[in-house]
Amino acid sequence: MARKKKNAIIPDPAKADQMAMYESTFRNIKEGTIVKGTIAEIRPQEVLVNIGYKAEGLVPAEEFKNLDTLAPGDEIEVFLERLENQDGMPVLSAERARKLKKWEEIASSCEEGATVVGTVTGKVKGGLVIDLGVEAFLPGSQIDVVPVRDLDGYVGQAIECKVIKINRDRQNIVISRRELLEERRKEQKRKLLAEIQPGQIRHGVVKNITDFGAFVDLNGMDGLLHITDMSWGRVSHPGEVVHVGQELDVYVLDVNLEKERISLGLKQTQPNPWDEIEIRYPRGTRVHGKVVNLVPYGAFIQLEDGVEGLVHVSELSWTKRIARASDMLKIGDEVDAVVLNVSKEDQKVSLGIRQTGENPWDTVMDKYPLGSRVKGRVRNFTSYGAFVELEEGVDGMIHVSDMDWSHKVNHPSEVLKKGEEVEAIVLEVSPENQRISLGLKQAKEDPWSGVASRYHIGQLLKGRVNKLASFGAFIQVEDGIDGLVHISQISDERIGKVSDVLHIGDEVEARVVRIDPVERRIGLSIKAAKMAEDDFQVDETMLEGLRPGEDLVDLAGAFDAALGDKGEIWSPGGGGEEKGE
């Protein structure tokens, strides 16, 4: 018989059986899975759950919605996080069991591409968290078809999305609202393009505003509402008429199926103010309006929404000389005007502001009768005359031919100065042409009137040399009257140049050999002055160069004729010799 070893431990068969059963229980469960358990005890802060023979774990009380609904012996499902903690007890979670079970239910019933509805519970970096029963992630780029800047507005909302990715290992679901919206919008767009026609009235929402117009969502695609089709009136920026999010009815102007473009109009949904413009604003009507725009050539006056009239700068005042409309008006001014012309086809209304006051030209016939003597100030020169201001807004013109009785005036500056006050005679009045002709010389006595009674053939005169020409010399016999001594009548000797014998300012004595008051001509002879009166007799040699009709002896034009002949001419104060032009 074998001897027993001293102090040897003999195994208890009952305990061995219990250990075998305990180990068998844990071989049937795994960490990270859901297991069934029985509530062994309910405590204030925790619940003791038995998940197998002698395997009990603690579950925090806050993982249960209401402890009062629980009782010892109830069977529940828990998530086995670890088989043993430092105390040798399993680590359990009822919360994770519920979430994992829900996740499996969602994952099995919701495949990629499926449509789901969830509530936005919060925002995270890059997007939103959606509660589908389990948490799903909605990236910011997938929220809408347009970029979304404010995510806070979505929190708490229930939204419909499309599942685009499921990761079972990480228990992660990514969803997209944008894909769902785009799919539905494509279908709406297809339906819209099949139905929409020019001339229809469509309801839409302003989606975006640019400098040139606004894009309106027609529930399927956007149409362009151009700034020129927003209002019959003046629009500086689309934002003055519409705003983002505004609902409005628009008129379909054009549909381009190839380019998928729709042109819209807003003003076309309202009556065209130009349709009866000629009835509302007949010619001659006095109107009231506001200055809405100024351009160099005039001012635009708003008569009503969509109707503007132009006041040309020439129609601003009867009397003031206005270079630019802005010299008289400013934007925002309210003014009265008179309708001058209306064109429905061109959508133009011509207005006049000066017509609201009295036209000074209506009374010029009474104020300035023919032959009356008037006074005025020289305002401006032209090559053919001078303008004299008789009153504000009324000018008379003195032609160069009416400036001097005796001399031809080439430019008014030879006789007048700007700003000089002058006296003149009214020669012609034309109110319809707004023209008054004046005569400066007519305001003075004509020195040639009565010249035949003051001078006679053979009379001996003394005078001063006034001008020299190649054909002779002009002798001033009295103020305003010159006589011409032809070169052949200066000396008995042959003369090559007049300037060899005579000089400006020389005092000479000569006889009158010809008088023509009609043509304002007096012919003189220095040679004949040396003859005795009894021996004097006019012969053909004395009249050489003084024939009737000869320009050279027309004292009003002889000087200019001399210039035309390019003769050498000296004049008092001329400062020397100059060639005639």
# chains A, B, ... in the order shown; residues from 1 in each chain; ligands from 1
call {"tool": "select_by_dssp", "arguments": {"residues": "region 147-300 of chain A", "states": "alpha helix (DSSP H)", "output": "ChimeraX atom specification"}}
result
/A:177-195,277-280
call {"tool": "closest_atom_pairs", "arguments": {"of": "region 268-342 of chain A", "to": "region 347-354 of chain A", "cutoff": "7 Å", "atoms": "only C-alpha atoms", "output": "Markdown table"}}
result
| residue | atom | partner | partner_atom | distance |
| --- | --- | --- | --- | --- |
| A:Trp274 | CA | A:Gln347 | CA | 6.6 |
| A:Glu308 | CA | A:Val349 | CA | 6.9 |
| A:Gly309 | CA | A:Val349 | CA | 4.5 |
| A:Leu310 | CA | A:Ser350 | CA | 5.1 |
| A:Val311 | CA | A:Leu351 | CA | 4.8 |
| A:Glu315 | CA | A:Gly352 | CA | 4.9 |
| A:Leu316 | CA | A:Ile353 | CA | 5.1 |
| A:Ser317 | CA | A:Arg354 | CA | 4.5 |
| A:Trp318 | CA | A:Arg354 | CA | 5.7 |
| A:Asp336 | CA | A:Ile353 | CA | 6.6 |
| A:Ala337 | CA | A:Ile353 | CA | 4.5 |
| A:Val338 | CA | A:Gly352 | CA | 5.2 |
| A:Val339 | CA | A:Leu351 | CA | 4.7 |
| A:Leu340 | CA | A:Leu351 | CA | 5.2 |
| A:Asn341 | CA | A:Ser350 | CA | 5.0 |
| A:Val342 | CA | A:Val349 | CA | 4.6 |
call {"tool": "residues_around", "arguments": {"residues": "Gly505 (chain A)", "least_positions_apart": "3", "cutoff": "9 Å", "atoms": "only C-alpha atoms", "output": "MDAnalysis selection string"}}
result
chainID A and resid 464:467 502 572
call {"tool": "closest_residue", "arguments": {"among": "A:Pro273, A:Glu247, A:Lys162, A:Gly239", "to": "His203 (chain A)", "atoms": "only C-alpha atoms"}}
result
A:Glu247
call {"tool": "residues_around", "arguments": {"residues": "Val513 (chain A)", "least_positions_apart": "4", "cutoff": "10 Å", "atoms": "only C-alpha atoms", "output": "list of chain:residue names"}}
result
A:His456, A:Ile457, A:Gly458, A:Gln459, A:Leu460, A:Val485, A:Ile522, A:Gly523, A:Leu524, A:Ser525, A:Ala528, A:Phe536, A:Gln537, A:Val538, A:Asp539, A:Met542, A:Leu543, A:Leu546
